[in-house]
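One file, final.txt, is given below (compact mmCIF, C-alpha atoms and all ligand atoms).
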```
# COMPACT_ATOMS: atom_id res chain seq x y z
CA MET A 5 -74.63 -8.67 77.89
CA ARG A 6 -77.05 -9.24 75.04
CA ILE A 7 -80.21 -7.17 75.22
CA ALA A 8 -83.23 -7.30 72.94
CA ASN A 9 -86.73 -5.95 72.37
CA HIS A 10 -88.98 -9.02 72.23
CA ASP A 11 -92.73 -8.50 71.83
CA ASP A 12 -92.25 -4.88 72.89
CA ARG A 13 -90.57 -5.94 76.15
CA LEU A 14 -87.04 -5.30 77.38
CA THR A 15 -85.32 -8.70 77.37
CA LEU A 16 -81.95 -9.83 78.70
CA LEU A 17 -80.52 -12.82 76.88
CA ALA A 18 -78.43 -15.03 79.16
CA GLY A 19 -77.26 -18.21 77.48
CA ASP A 20 -80.39 -19.97 76.26
CA THR A 21 -82.61 -17.99 78.59
CA ALA A 22 -84.56 -14.91 77.61
CA ILE A 23 -85.28 -12.93 80.78
CA ASP A 24 -88.14 -10.47 80.90
CA VAL A 25 -86.44 -7.62 82.75
CA SER A 26 -89.55 -5.92 84.10
CA THR A 27 -90.81 -9.17 85.66
CA ALA A 28 -87.41 -10.36 86.93
CA SER A 29 -86.68 -6.96 88.49
CA ASP A 30 -90.11 -6.75 90.16
CA GLY A 31 -90.84 -3.62 88.21
CA LEU A 32 -87.59 -1.82 89.08
CA PHE A 33 -87.23 -1.41 85.32
CA ASP A 34 -90.29 -1.07 83.11
CA HIS A 35 -90.82 -3.12 79.99
CA ARG A 36 -90.01 -0.44 77.41
CA ILE A 37 -86.49 -0.77 76.08
CA GLU A 38 -86.32 2.92 75.15
CA HIS A 39 -86.53 3.84 78.85
CA ILE A 40 -83.45 1.85 79.81
CA TYR A 41 -80.80 4.05 78.21
CA ASP A 42 -81.35 6.94 80.63
CA ARG A 43 -80.66 4.46 83.46
CA TRP A 44 -77.93 2.53 81.67
CA ASP A 45 -75.32 2.25 84.45
CA GLU A 46 -77.96 1.15 86.97
CA PHE A 47 -79.35 -1.37 84.47
CA ILE A 48 -75.98 -2.91 83.60
CA THR A 49 -75.15 -3.27 87.28
CA TRP A 50 -78.47 -5.08 87.79
CA CYS A 51 -77.74 -7.33 84.76
CA ARG A 52 -74.31 -8.27 86.08
CA HIS A 53 -75.82 -9.41 89.36
CA HIS A 54 -78.94 -10.93 87.95
CA ALA A 55 -77.94 -12.73 84.76
CA PRO A 56 -75.67 -15.36 86.36
CA ARG A 57 -78.45 -16.20 88.86
CA ALA A 58 -81.24 -16.26 86.32
CA GLN A 59 -83.81 -18.88 87.20
CA SER A 60 -85.76 -20.79 84.61
CA ALA A 61 -88.77 -19.11 86.22
CA ASP A 62 -87.42 -15.82 84.84
CA ALA A 63 -87.60 -17.03 81.28
CA ALA A 64 -89.88 -15.02 79.06
CA GLY A 65 -92.60 -16.79 77.08
CA PRO A 66 -91.88 -19.71 74.77
CA GLY A 67 -91.59 -17.97 71.42
CA VAL A 68 -90.97 -14.47 70.16
CA ALA A 69 -93.69 -13.01 67.99
CA ALA A 70 -91.93 -9.76 67.14
CA VAL A 71 -88.36 -8.60 67.53
CA GLY A 72 -88.32 -4.82 67.73
CA ALA A 73 -85.62 -2.19 67.36
CA VAL A 74 -83.11 -2.14 70.22
CA SER A 75 -83.44 1.65 70.48
CA PRO A 76 -86.84 2.53 69.02
CA ARG A 77 -87.01 6.18 70.14
CA PRO A 78 -83.57 7.77 69.86
CA ARG A 79 -83.45 11.55 70.15
CA GLN A 80 -80.88 11.66 67.33
CA ILE A 81 -79.46 9.39 64.66
CA PHE A 82 -76.16 10.21 63.00
CA GLY A 83 -74.97 8.66 59.77
CA VAL A 84 -71.41 8.77 58.48
CA GLY A 85 -70.73 8.95 54.75
CA LEU A 86 -67.70 7.53 52.92
CA ASN A 87 -66.23 6.04 56.09
CA TYR A 88 -64.59 3.02 54.46
CA VAL A 89 -61.70 3.46 52.01
CA ASP A 90 -63.09 0.92 49.51
CA HIS A 91 -66.58 2.47 49.60
CA ALA A 92 -65.21 5.99 49.01
CA ALA A 93 -63.32 4.58 46.01
CA GLU A 94 -66.42 2.92 44.51
CA ALA A 95 -68.36 6.16 45.02
CA GLY A 96 -65.63 7.99 43.10
CA SER A 97 -65.11 10.34 46.05
CA PRO A 98 -61.90 11.43 47.74
CA LEU A 99 -61.47 10.24 51.32
CA PRO A 100 -63.02 12.72 53.74
CA THR A 101 -60.52 14.56 55.92
CA VAL A 102 -63.15 15.03 58.64
CA PRO A 103 -66.17 12.76 59.30
CA LEU A 104 -68.95 13.38 56.75
CA LEU A 105 -72.06 13.49 58.92
CA PHE A 106 -75.73 13.45 58.06
CA THR A 107 -78.88 12.49 59.92
CA LYS A 108 -81.39 9.73 59.52
CA PHE A 109 -84.58 11.04 61.09
CA PRO A 110 -85.77 8.87 64.00
CA SER A 111 -89.14 8.20 62.29
CA ALA A 112 -87.22 5.86 59.93
CA ILE A 113 -86.38 3.38 62.73
CA ALA A 114 -87.73 -0.15 62.29
CA GLY A 115 -87.33 -3.58 63.84
CA PRO A 116 -84.68 -5.88 62.38
CA ASN A 117 -86.92 -7.98 60.16
CA THR A 118 -89.29 -5.31 58.91
CA THR A 119 -90.57 -5.37 55.32
CA ILE A 120 -89.48 -2.19 53.55
CA THR A 121 -91.52 -0.44 50.88
CA LEU A 122 -89.57 0.73 47.83
CA THR A 123 -89.86 4.48 47.26
CA GLY A 124 -88.53 4.44 43.69
CA PRO A 125 -86.26 2.65 41.23
CA SER A 126 -82.95 3.44 43.00
CA VAL A 127 -83.28 2.08 46.55
CA ASP A 128 -79.95 0.68 47.76
CA TRP A 129 -78.52 -1.38 50.64
CA GLU A 130 -75.78 -0.36 53.12
CA VAL A 131 -74.94 -2.75 55.97
CA GLU A 132 -73.53 -0.80 58.92
CA LEU A 133 -72.20 -1.25 62.41
CA VAL A 134 -74.50 0.85 64.62
CA VAL A 135 -73.43 2.34 67.94
CA VAL A 136 -76.03 2.87 70.67
CA VAL A 137 -75.02 5.58 73.15
CA GLY A 138 -75.24 4.62 76.84
CA ARG A 139 -74.06 7.81 78.55
CA ARG A 140 -74.55 11.46 77.73
CA CYS A 141 -71.55 12.67 75.69
CA GLU A 142 -70.33 16.26 75.83
CA LYS A 143 -66.81 16.86 74.56
CA VAL A 144 -65.78 13.26 75.15
CA ASN A 145 -62.17 12.43 74.40
CA ARG A 146 -61.57 9.47 72.09
CA ALA A 147 -59.75 7.65 74.91
CA ASP A 148 -62.96 7.75 76.98
CA ALA A 149 -65.37 7.20 74.11
CA TRP A 150 -66.03 3.46 74.40
CA SER A 151 -67.09 3.84 78.05
CA HIS A 152 -70.00 5.97 76.76
CA VAL A 153 -71.28 3.23 74.43
CA ALA A 154 -74.18 1.03 75.59
CA GLY A 155 -73.54 -1.47 72.84
CA LEU A 156 -73.38 -2.34 69.17
CA THR A 157 -76.04 -3.59 66.81
CA VAL A 158 -76.59 -4.26 63.11
CA GLY A 159 -78.19 -1.62 60.90
CA GLN A 160 -79.19 -1.02 57.31
CA ASP A 161 -78.81 2.54 56.04
CA ILE A 162 -81.39 2.05 53.28
CA SER A 163 -80.92 4.82 50.73
CA ASP A 164 -83.06 6.13 47.87
CA ARG A 165 -80.19 7.33 45.64
CA ASP A 166 -82.33 9.52 43.37
CA VAL A 167 -83.60 11.45 46.38
CA GLN A 168 -80.26 11.41 48.18
CA LEU A 169 -78.37 12.89 45.23
CA GLN A 170 -81.09 15.19 43.89
CA GLY A 171 -80.11 18.75 43.11
CA ALA A 172 -76.80 20.51 42.65
CA ASN A 173 -76.00 20.30 46.36
CA SER A 174 -77.21 16.88 47.39
CA GLN A 175 -78.73 16.43 50.83
CA TYR A 176 -78.50 12.93 52.20
CA SER A 177 -81.00 12.96 55.02
CA PHE A 178 -84.35 12.69 53.23
CA GLY A 179 -83.18 9.95 50.85
CA LYS A 180 -82.19 7.90 53.91
CA SER A 181 -85.20 8.57 56.14
CA PHE A 182 -88.27 7.11 54.44
CA GLU A 183 -90.49 4.87 56.57
CA ASN A 184 -88.58 1.76 57.76
CA PHE A 185 -85.30 2.89 56.10
CA ALA A 186 -83.39 2.38 59.38
CA PRO A 187 -83.94 -1.21 60.54
CA ILE A 188 -81.71 -2.14 63.51
CA GLY A 189 -81.20 -5.23 65.65
CA PRO A 190 -81.73 -8.03 66.42
CA VAL A 191 -79.80 -7.55 69.69
CA LEU A 192 -77.69 -4.95 71.45
CA VAL A 193 -74.31 -6.39 72.47
CA THR A 194 -72.26 -4.55 75.10
CA PRO A 195 -68.67 -3.68 74.07
CA ASP A 196 -67.09 -5.97 76.70
CA GLU A 197 -68.54 -9.01 74.86
CA PHE A 198 -66.14 -8.53 71.93
CA ASP A 199 -62.44 -9.47 71.78
CA ASP A 200 -61.98 -6.26 69.78
CA PRO A 201 -65.06 -4.09 69.18
CA ASP A 202 -63.05 -2.15 66.58
CA SER A 203 -62.61 -5.21 64.35
CA LEU A 204 -65.89 -6.89 63.40
CA ALA A 205 -66.70 -8.60 60.11
CA LEU A 206 -69.85 -7.26 58.45
CA ARG A 207 -71.66 -8.70 55.50
CA CYS A 208 -74.70 -8.05 53.32
CA SER A 209 -76.35 -10.37 50.82
CA VAL A 210 -79.24 -9.79 48.44
CA ASN A 211 -81.22 -12.91 47.50
CA GLY A 212 -78.30 -15.01 48.79
CA GLU A 213 -75.64 -13.26 46.70
CA ILE A 214 -72.95 -11.64 48.85
CA MET A 215 -72.75 -7.95 48.02
CA GLN A 216 -70.71 -6.51 50.89
CA ASP A 217 -68.03 -8.29 52.90
CA GLY A 218 -65.95 -5.96 55.05
CA THR A 219 -64.52 -5.37 58.49
CA SER A 220 -64.99 -2.43 60.83
CA SER A 221 -61.22 -2.34 61.31
CA ASN A 222 -61.22 -0.51 57.94
CA LEU A 223 -63.29 2.42 59.20
CA VAL A 224 -61.63 5.70 58.18
CA PHE A 225 -62.88 7.26 61.44
CA PRO A 226 -63.37 4.53 64.05
CA VAL A 227 -66.09 4.63 66.70
CA SER A 228 -63.97 6.45 69.30
CA GLU A 229 -63.05 9.25 66.86
CA LEU A 230 -66.66 9.62 65.71
CA ILE A 231 -67.83 10.08 69.30
CA GLU A 232 -65.07 12.61 69.94
CA TYR A 233 -65.90 14.53 66.75
CA ILE A 234 -69.69 14.56 67.20
CA SER A 235 -69.68 15.28 70.94
CA ALA A 236 -67.36 18.25 70.43
CA ARG A 237 -70.23 19.82 68.47
CA VAL A 238 -73.54 18.45 69.75
CA THR A 239 -74.54 16.53 72.86
CA LEU A 240 -75.12 12.81 72.35
CA PHE A 241 -77.89 11.39 74.53
CA PRO A 242 -78.43 7.88 75.88
CA GLY A 243 -80.19 5.81 73.23
CA ASP A 244 -78.87 7.90 70.33
CA LEU A 245 -77.56 5.99 67.32
CA ILE A 246 -74.51 6.36 65.11
CA PHE A 247 -74.63 4.52 61.79
CA THR A 248 -70.87 4.29 61.27
CA GLY A 249 -70.72 3.90 57.49
CA THR A 250 -70.79 1.11 54.94
CA PRO A 251 -68.05 -0.91 53.22
CA ALA A 252 -67.82 -1.37 49.44
CA GLY A 253 -70.38 -3.31 47.44
CA VAL A 254 -73.47 -1.10 47.42
CA GLY A 255 -75.66 -1.03 44.29
CA LEU A 256 -74.59 2.52 43.42
CA GLY A 257 -70.97 1.40 43.16
CA ARG A 258 -71.67 -1.50 40.76
CA SER A 259 -71.29 -1.53 37.03
CA PRO A 260 -73.99 -1.68 35.88
CA ARG A 261 -75.72 -0.20 38.91
CA ARG A 262 -78.05 -2.53 40.71
CA TYR A 263 -80.91 -1.50 42.92
CA LEU A 264 -83.51 -3.27 45.02
CA ARG A 265 -86.70 -4.68 43.49
CA ALA A 266 -89.95 -5.94 45.04
CA GLY A 267 -89.40 -9.40 46.48
CA ASP A 268 -85.66 -8.94 47.08
CA VAL A 269 -84.42 -10.15 50.46
CA ILE A 270 -81.50 -8.41 52.19
CA VAL A 271 -79.61 -10.30 54.89
CA SER A 272 -77.24 -8.17 56.98
CA THR A 273 -74.90 -9.74 59.53
CA ILE A 274 -72.16 -8.61 61.89
CA GLU A 275 -69.76 -10.92 63.70
CA GLY A 276 -70.65 -11.40 67.36
CA ILE A 277 -74.02 -9.67 67.02
CA GLY A 278 -76.27 -11.52 64.59
CA GLY A 279 -78.32 -10.82 61.51
CA MET A 280 -81.39 -9.08 60.14
CA THR A 281 -83.55 -10.10 57.18
CA ASN A 282 -85.46 -7.40 55.32
CA LYS A 283 -87.78 -8.06 52.45
CA MET A 284 -88.53 -5.37 49.90
CA THR A 285 -92.01 -4.69 48.63
CA ASP A 286 -93.47 -2.07 46.32
CA LEU A 287 -96.19 0.46 46.94
CA GLU A 288 -98.78 -1.53 44.99
CA SER A 289 -98.31 -4.74 46.96
CA ALA A 290 -97.94 -3.05 50.36
CA SER A 291 -101.47 -2.87 51.73
CA PRO A 292 -102.13 -0.23 54.39
CA GLU A 293 -102.61 -3.13 56.85
CA SER A 294 -99.26 -4.76 56.09
CA ARG A 295 -97.48 -1.42 56.22
CA HIS A 296 -99.08 -0.75 59.58
CA GLN A 297 -97.98 -4.15 60.86
CA ALA A 298 -94.45 -3.55 59.68
CA ALA A 299 -94.39 -0.22 61.49
CA GLY A 300 -95.71 -1.96 64.60
CA ALA A 301 -92.61 -4.15 64.69
CA ARG A 302 -90.53 -1.13 65.66
ZN ZN A 401 -74.52 4.74 55.20
```
What does this structure look like when you write it as structure tokens?
Amino acid sequence: MRIANHDDRLTLLAGDTAIDVSTASDGLFDHRIEHIYDRWDEFITWCRHHAPRAQSADAAGPGVAAVGAVSPRPRQIFGVGLNYVDHAAEAGSPLPTVPLLFTKFPSAIAGPNTTITLTGPSVDWEVELVVVVGRRCEKVNRADAWSHVAGLTVGQDISDRDVQLQGANSQYSFGKSFENFAPIGPVLVTPDEFDDPDSLALRCSVNGEIMQDGTSSNLVFPVSELIEYISARVTLFPGDLIFTGTPAGVGLGRSPRRYLRAGDVIVSTIEGIGGMTNKMTDLESASPESRHQAAGAR
């Protein structure tokens, strides 16, 4: 299944048809995508019955004005640092022996094509495979982990390096949680849609120049181990997100270092899911109105 948030409405994509779930289900499910994760099993069962029989009458409107985040109100967002061998090497860090976890605060969530305001001279890109939780996870074994995943989407773990690495004991979370620093989308793809959900090519370009070109098969701690590790310590709730880490090629790892400037365009893609396009702007050119509109695309 491919599920999206089109014009603030829960949408099931079936072939060329975009089905408005609230309408097609006669209100069984409401239009807000964030409400679906607490009823995930029921929803997927409905999709399996409904999608093959979708009528053209079910199709949502002709165009999509705004594509929003696939999970706009997660209770928790986890990020994983140094989770690709090549990225740990470029960061000059030894490979972690246990997952290196931090949080991105949920207020940073944005739709996939949101314009992002630079917060300083060292804002960096990190394309990441993002897991959306579909079932509550408490002490889930890695063998059962994938059955707790609603689906996968594309994310950018936008990072202000000066803020992230400030102080003797750096704290990641604030540098990665400014407004719109967690764009996700454009669709949620259920794990059964992939030949191998543990081996997906992911790529990031800036102004057309390819910066990151990796595969999730190189994750130090794959999705199933991350879910086991996190859920042994805290409960994961439906709709929660795990940003699983970024491959090599970030600006911090380049010589000379290269960071984002106003006008830069980041394109982030993952095989079998799709892509997001994020334009960078600076504080001076971001009017309160345009910033408000960008936030509204969540
Ligand atoms: Zn990251």
Practice task
Pick out the residues no farther than 7 Å from ligand ZN 401 (chain A), counting all atoms listed in the file, and list them as a list in words.
Solution key: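 These are the residues that qualify: Gly83, Val84, Gly85, Glu130, Glu132, Asp161, Phe247, Gly249 and Thr250 of chain A.
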Problem - Of the listed residues A:Met284, A:Ala147, A:Leu245, A:Ala252, that which approaches Glu232 in chain A most closely, counting all atoms listed in the file - result: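 The closest residue to Glu232 in chain A is A:Ala147.
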How close does each residue of range 78-134 of chain A get to range 185-199 of chain A, giving the shortest atom pair and distance in Å to one decimal for every residue with an atom at most 8 Å away, counting all atoms listed in the file, sorted by chain and residue number, as JSON lines?
```
{"residue": "A:Lys108", "atom": "CA", "partner": "A:Ala186", "partner_atom": "CA", "distance": 7.6}
{"residue": "A:Ala112", "atom": "CA", "partner": "A:Ala186", "partner_atom": "CA", "distance": 5.2}
{"residue": "A:Ile113", "atom": "CA", "partner": "A:Ala186", "partner_atom": "CA", "distance": 4.6}
{"residue": "A:Ala114", "atom": "CA", "partner": "A:Pro187", "partner_atom": "CA", "distance": 4.3}
{"residue": "A:Gly115", "atom": "CA", "partner": "A:Pro187", "partner_atom": "CA", "distance": 5.3}
{"residue": "A:Pro116", "atom": "CA", "partner": "A:Gly189", "partner_atom": "CA", "distance": 4.8}
{"residue": "A:Asn117", "atom": "CA", "partner": "A:Pro187", "partner_atom": "CA", "distance": 7.4}
{"residue": "A:Thr118", "atom": "CA", "partner": "A:Pro187", "partner_atom": "CA", "distance": 6.9}
{"residue": "A:Ile120", "atom": "CA", "partner": "A:Phe185", "partner_atom": "CA", "distance": 7.1}
{"residue": "A:Val134", "atom": "CA", "partner": "A:Ile188", "partner_atom": "CA", "distance": 7.9}
```
Problem - Using all atoms listed in the file: which of A:Asp11, A:Asp268, A:Asp45, A:Asp24 has the shortest distance to Thr285 in chain A - result: A:Asp268
Practice task
Would you mind reading off the distance between CA of Asn184 in chain A and CA of Gln170 in chain A, one decimal, in Å?
Solution key: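 Rounded to one decimal, the two atoms are 20.7 Å apart.
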Practice task
Take CA of Gly253 in chain A and CA of Leu86 in chain A and report the distance between them in Å, one decimal.
Solution key: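 Distance between the two atoms: 12.4 Å.
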Fill in the blank from the handout: Between CA of Arg79 in chain A and CA of Trp150 in chain A lies a distance of 19.7 Å
Exercise for the section: May I have the residues within 7 Å of Thr107 in chain A as a VMD selection string, using all atoms listed in the file and disregarding those fewer than 4 positions away in the same chain? Expected result: chain A and resid 81 to 83 177
Calculate, to one decimal in Å, the centre and edge lengths of the box along x, y and z of the file that holds all listed atoms of range 133-140 of chain A with 5 Å of margin on each side, and present them as JSON.
```
{"center_x": -74.1, "center_y": 5.1, "center_z": 70.5, "size_x": 13.8, "size_y": 22.7, "size_z": 26.1}
```
Mind dumping a table of every range 158-217 of chain A residue within 6 Å of range 273-280 of chain A, with the nearest atom pair and its distance in Å to one decimal, using only C-alpha atoms, sorted by chain and rising number, as a Markdown table?
```
| residue | atom | partner | partner_atom | distance |
| --- | --- | --- | --- | --- |
| A:Leu204 | CA | A:Glu275 | CA | 5.6 |
| A:Ala205 | CA | A:Glu275 | CA | 5.3 |
| A:Leu206 | CA | A:Ile274 | CA | 4.4 |
| A:Arg207 | CA | A:Thr273 | CA | 5.3 |
```
Problem - Distance criterion (all atoms listed in the file): nearest to Leu156 in chain A out of A:Asp217, A:Asp20, A:Asp30, A:Asp202 - result: A:Asp202
Exercise for the section: Please provide the set of residues having any atom within 9 Å of Cys141 in chain A, restricted to all atoms listed in the file, with same-chain residues fewer than 3 positions apart removed, written as a list of chain:residue names. Expected result: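 In the requested form, the answer reads A:Val137, A:Gly138, A:Val144, A:Ala149, A:His152, A:Ile231, A:Glu232, A:Ile234, A:Ser235, A:Ala236, A:Val238, A:Thr239, A:Leu240, A:Phe241, A:Pro242.
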Practice task
Return the single residue from A:Val254, A:Val227, A:Val210, A:Ala8 that is closest to Ala73 in chain A, with distances computed using all atoms listed in the file.
Solution key: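 Between A:Val254, A:Val227, A:Val210, A:Ala8, the residue approaching Ala73 in chain A most closely is A:Ala8.
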